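Engineer: input-v5.cif is reproduced below (mmCIF, C-alpha atoms).
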```
data_coords
#
loop_
_atom_site.group_PDB
_atom_site.id
_atom_site.type_symbol
_atom_site.label_atom_id
_atom_site.label_comp_id
_atom_site.auth_asym_id
_atom_site.auth_seq_id
_atom_site.Cartn_x
_atom_site.Cartn_y
_atom_site.Cartn_z
ATOM 1 C CA MET G 1 -80.586 -72.943 -78.373
ATOM 2 C CA PRO G 2 -83.325 -70.290 -78.125
ATOM 3 C CA THR G 3 -83.485 -67.944 -75.170
ATOM 4 C CA THR G 4 -86.615 -66.502 -73.596
ATOM 5 C CA ARG G 5 -86.476 -62.737 -73.123
ATOM 6 C CA TYR G 6 -88.843 -61.088 -70.659
ATOM 7 C CA THR G 7 -89.749 -57.408 -70.705
ATOM 8 C CA ILE G 8 -91.512 -55.869 -67.729
ATOM 9 C CA LEU G 9 -92.926 -52.428 -68.512
ATOM 10 C CA GLY G 10 -93.526 -49.875 -65.792
ATOM 11 C CA VAL G 11 -97.207 -49.770 -66.710
ATOM 12 C CA THR G 12 -99.907 -51.705 -64.904
ATOM 13 C CA GLU G 13 -102.338 -53.970 -66.716
ATOM 14 C CA ASP G 14 -104.974 -51.233 -66.452
ATOM 15 C CA GLY G 15 -102.645 -48.728 -68.193
ATOM 16 C CA LYS G 16 -101.416 -46.672 -65.221
ATOM 17 C CA LYS G 17 -97.790 -45.626 -64.918
ATOM 18 C CA PHE G 18 -96.151 -47.562 -62.084
ATOM 19 C CA ARG G 19 -94.744 -45.573 -59.161
ATOM 20 C CA PRO G 20 -92.259 -44.804 -57.673
ATOM 21 C CA SER G 21 -90.301 -43.638 -60.696
ATOM 22 C CA ASP G 22 -87.119 -45.416 -59.542
ATOM 23 C CA TRP G 23 -88.803 -48.811 -59.123
ATOM 24 C CA THR G 24 -86.416 -50.461 -61.582
ATOM 25 C CA GLU G 25 -83.277 -49.421 -59.690
ATOM 26 C CA ARG G 26 -84.792 -50.381 -56.348
ATOM 27 C CA LEU G 27 -85.868 -53.793 -57.574
ATOM 28 C CA VAL G 28 -82.707 -54.694 -59.453
ATOM 29 C CA CYS G 29 -80.208 -53.303 -56.911
ATOM 30 C CA MET G 30 -77.638 -52.074 -59.421
ATOM 31 C CA GLN G 31 -74.474 -52.486 -57.352
ATOM 32 C CA PRO G 32 -71.193 -53.474 -59.036
ATOM 33 C CA LYS G 33 -71.100 -56.839 -57.244
ATOM 34 C CA GLN G 34 -74.642 -57.635 -58.411
ATOM 35 C CA LEU G 35 -74.031 -56.447 -61.971
ATOM 36 C CA LYS G 36 -71.195 -58.940 -62.288
ATOM 37 C CA ARG G 37 -73.553 -61.759 -61.246
ATOM 38 C CA TYR G 38 -76.187 -60.678 -63.795
ATOM 39 C CA ASN G 39 -73.523 -60.947 -66.514
ATOM 40 C CA GLY G 40 -75.541 -59.081 -69.151
ATOM 41 C CA HIS G 41 -78.708 -61.100 -68.615
ATOM 42 C CA LEU G 42 -80.571 -58.175 -67.048
ATOM 43 C CA LYS G 43 -80.878 -54.560 -68.184
ATOM 44 C CA ILE G 44 -82.861 -51.503 -67.201
ATOM 45 C CA ARG G 45 -84.266 -49.865 -70.310
ATOM 46 C CA ARG G 46 -86.551 -47.015 -71.246
ATOM 47 C CA ILE G 47 -89.040 -48.270 -73.826
ATOM 48 C CA ASP G 48 -91.235 -45.601 -75.397
ATOM 49 C CA GLY G 49 -90.390 -43.357 -72.429
ATOM 50 C CA ILE G 50 -91.378 -46.012 -69.868
ATOM 51 C CA LYS G 51 -88.899 -47.517 -67.414
ATOM 52 C CA SER G 52 -88.627 -51.237 -67.960
ATOM 53 C CA ILE G 53 -86.613 -54.270 -66.988
ATOM 54 C CA VAL G 54 -85.447 -56.636 -69.705
ATOM 55 C CA PHE G 55 -83.902 -59.976 -68.806
ATOM 56 C CA ASP G 56 -83.476 -63.429 -70.231
ATOM 57 C CA ASP G 57 -84.025 -66.878 -68.803
ATOM 58 C CA GLN G 58 -80.284 -67.299 -68.220
ATOM 59 C CA LEU G 59 -80.633 -64.885 -65.283
ATOM 60 C CA LYS G 60 -82.238 -67.771 -63.425
ATOM 61 C CA TYR G 61 -78.882 -69.589 -63.503
ATOM 62 C CA ALA G 62 -76.791 -66.481 -62.791
ATOM 63 C CA CYS G 63 -78.934 -65.300 -59.859
ATOM 64 C CA GLU G 64 -82.100 -67.308 -59.238
ATOM 65 C CA PHE G 65 -83.191 -65.086 -56.338
ATOM 66 C CA THR G 66 -83.228 -61.976 -58.552
ATOM 67 C CA TYR G 67 -85.009 -63.834 -61.375
ATOM 68 C CA GLU G 68 -87.786 -65.046 -59.066
ATOM 69 C CA ARG G 69 -88.044 -61.715 -57.231
ATOM 70 C CA ILE G 70 -88.494 -59.711 -60.427
ATOM 71 C CA LEU G 71 -91.185 -62.009 -61.844
ATOM 72 C CA SER G 72 -93.010 -62.159 -58.502
ATOM 73 C CA PHE G 73 -92.890 -58.369 -58.103
ATOM 74 C CA ALA G 74 -94.300 -57.856 -61.599
ATOM 75 C CA LYS G 75 -97.165 -60.282 -61.016
ATOM 76 C CA ILE G 76 -98.076 -58.897 -57.577
ATOM 77 C CA ASN G 77 -98.106 -55.331 -58.926
ATOM 78 C CA HIS G 78 -99.972 -56.261 -62.132
ATOM 79 C CA LEU G 79 -97.219 -54.983 -64.427
ATOM 80 C CA ASN G 80 -97.199 -55.837 -68.109
ATOM 81 C CA ILE G 81 -94.894 -58.778 -68.801
ATOM 82 C CA THR G 82 -94.052 -59.814 -72.337
ATOM 83 C CA LYS G 83 -92.201 -62.992 -73.198
ATOM 84 C CA GLU G 84 -90.323 -63.454 -76.454
ATOM 85 C CA ILE G 85 -88.350 -66.420 -77.806
ATOM 86 C CA ILE G 86 -85.063 -65.218 -79.293
ATOM 87 C CA GLU G 87 -82.888 -67.361 -81.525
ATOM 88 C CA GLU G 88 -79.247 -67.384 -80.438
ATOM 89 C CA ASP G 89 -78.001 -65.513 -83.537
ATOM 90 C CA LYS G 90 -80.383 -62.594 -82.786
ATOM 91 C CA LEU G 91 -79.399 -61.890 -79.146
ATOM 92 C CA ASP G 92 -78.078 -58.388 -78.443
#
```
Output the file's structure as structure tokens, nothing else.
Structural biologist:
Amino acid sequence: MPTTRYTILGVTEDGKKFRPSDWTERLVCMQPKQLKRYNGHLKIRRIDGIKSIVFDDQLKYACEFTYERILSFAKINHLNITKEIIEEDKLD
């Protein structure tokens, strides 16, 4: 079954770098208890030098609050969101 992978770049739709620089850590709340709930469905990445959050649609089942909060935050702050369909054999 395909999975949808979302990438939220720390760049606004008008091309400005999003501040503060630790926005990913603040939004995701990387505490050990939370990381266990995310179960690999959410990662903080640096893509082309830009802090980003990458997560898949399975996060919604692992922690719906975090899934909704991240998407809402990105939309409110006009961050670039890309959506990609990944076949199961290509997940990393």
Engineer: How would you write, as a PyMOL selection string, the residues chosen by the PyMOL selection byres ((chain G and resi 57-63) around 12) on this structure?
Structural biologist: chain G and resi 1-7+28+33-43+54-56+64-71+83-86
Engineer: Selection in question (the file shown): the PyMOL selection byres ((chain G and resi 16-20) around 12). Which residues does it include, as a list in words?
Structural biologist: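 Given this file, the PyMOL selection byres ((chain G and resi 16-20) around 12) evaluates to Ile8, Leu9, Gly10, Val11, Thr12, Glu13, Asp14, Gly15, Ser21, Asp22, Trp23, Thr24, Glu25, Arg26, Leu27, Gly49, Ile50, Lys51, Ser52, Phe73, Ala74, Asn77, His78, Leu79 and Asn80 of chain G.
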Engineer: Any chance you can output those residues with C-alpha atoms as a PDB file, in the coordinates of the input?
Structural biologist:
```
ATOM      1  CA  ILE G   8     -91.512 -55.869 -67.729  1.00  0.00           C
ATOM      2  CA  LEU G   9     -92.926 -52.428 -68.512  1.00  0.00           C
ATOM      3  CA  GLY G  10     -93.526 -49.875 -65.792  1.00  0.00           C
ATOM      4  CA  VAL G  11     -97.207 -49.770 -66.710  1.00  0.00           C
ATOM      5  CA  THR G  12     -99.907 -51.705 -64.904  1.00  0.00           C
ATOM      6  CA  GLU G  13    -102.338 -53.970 -66.716  1.00  0.00           C
ATOM      7  CA  ASP G  14    -104.974 -51.233 -66.452  1.00  0.00           C
ATOM      8  CA  GLY G  15    -102.645 -48.728 -68.193  1.00  0.00           C
ATOM      9  CA  SER G  21     -90.301 -43.638 -60.696  1.00  0.00           C
ATOM     10  CA  ASP G  22     -87.119 -45.416 -59.542  1.00  0.00           C
ATOM     11  CA  TRP G  23     -88.803 -48.811 -59.123  1.00  0.00           C
ATOM     12  CA  THR G  24     -86.416 -50.461 -61.582  1.00  0.00           C
ATOM     13  CA  GLU G  25     -83.277 -49.421 -59.690  1.00  0.00           C
ATOM     14  CA  ARG G  26     -84.792 -50.381 -56.348  1.00  0.00           C
ATOM     15  CA  LEU G  27     -85.868 -53.793 -57.574  1.00  0.00           C
ATOM     16  CA  GLY G  49     -90.390 -43.357 -72.429  1.00  0.00           C
ATOM     17  CA  ILE G  50     -91.378 -46.012 -69.868  1.00  0.00           C
ATOM     18  CA  LYS G  51     -88.899 -47.517 -67.414  1.00  0.00           C
ATOM     19  CA  SER G  52     -88.627 -51.237 -67.960  1.00  0.00           C
ATOM     20  CA  PHE G  73     -92.890 -58.369 -58.103  1.00  0.00           C
ATOM     21  CA  ALA G  74     -94.300 -57.856 -61.599  1.00  0.00           C
ATOM     22  CA  ASN G  77     -98.106 -55.331 -58.926  1.00  0.00           C
ATOM     23  CA  HIS G  78     -99.972 -56.261 -62.132  1.00  0.00           C
ATOM     24  CA  LEU G  79     -97.219 -54.983 -64.427  1.00  0.00           C
ATOM     25  CA  ASN G  80     -97.199 -55.837 -68.109  1.00  0.00           C
TER      26      ASN G  80
END
```
Engineer: Output as lines of an AutoDock Vina configuration file the centre and edge lengths (Å, one decimal) of the box along x, y and z of the file that holds every listed atom of range 9-25 of chain G after adding 5 Å on each side.
Structural biologist:
```
center_x = -94.1
center_y = -48.8
center_z = -63.1
size_x = 31.7
size_y = 20.3
size_z = 20.8
```
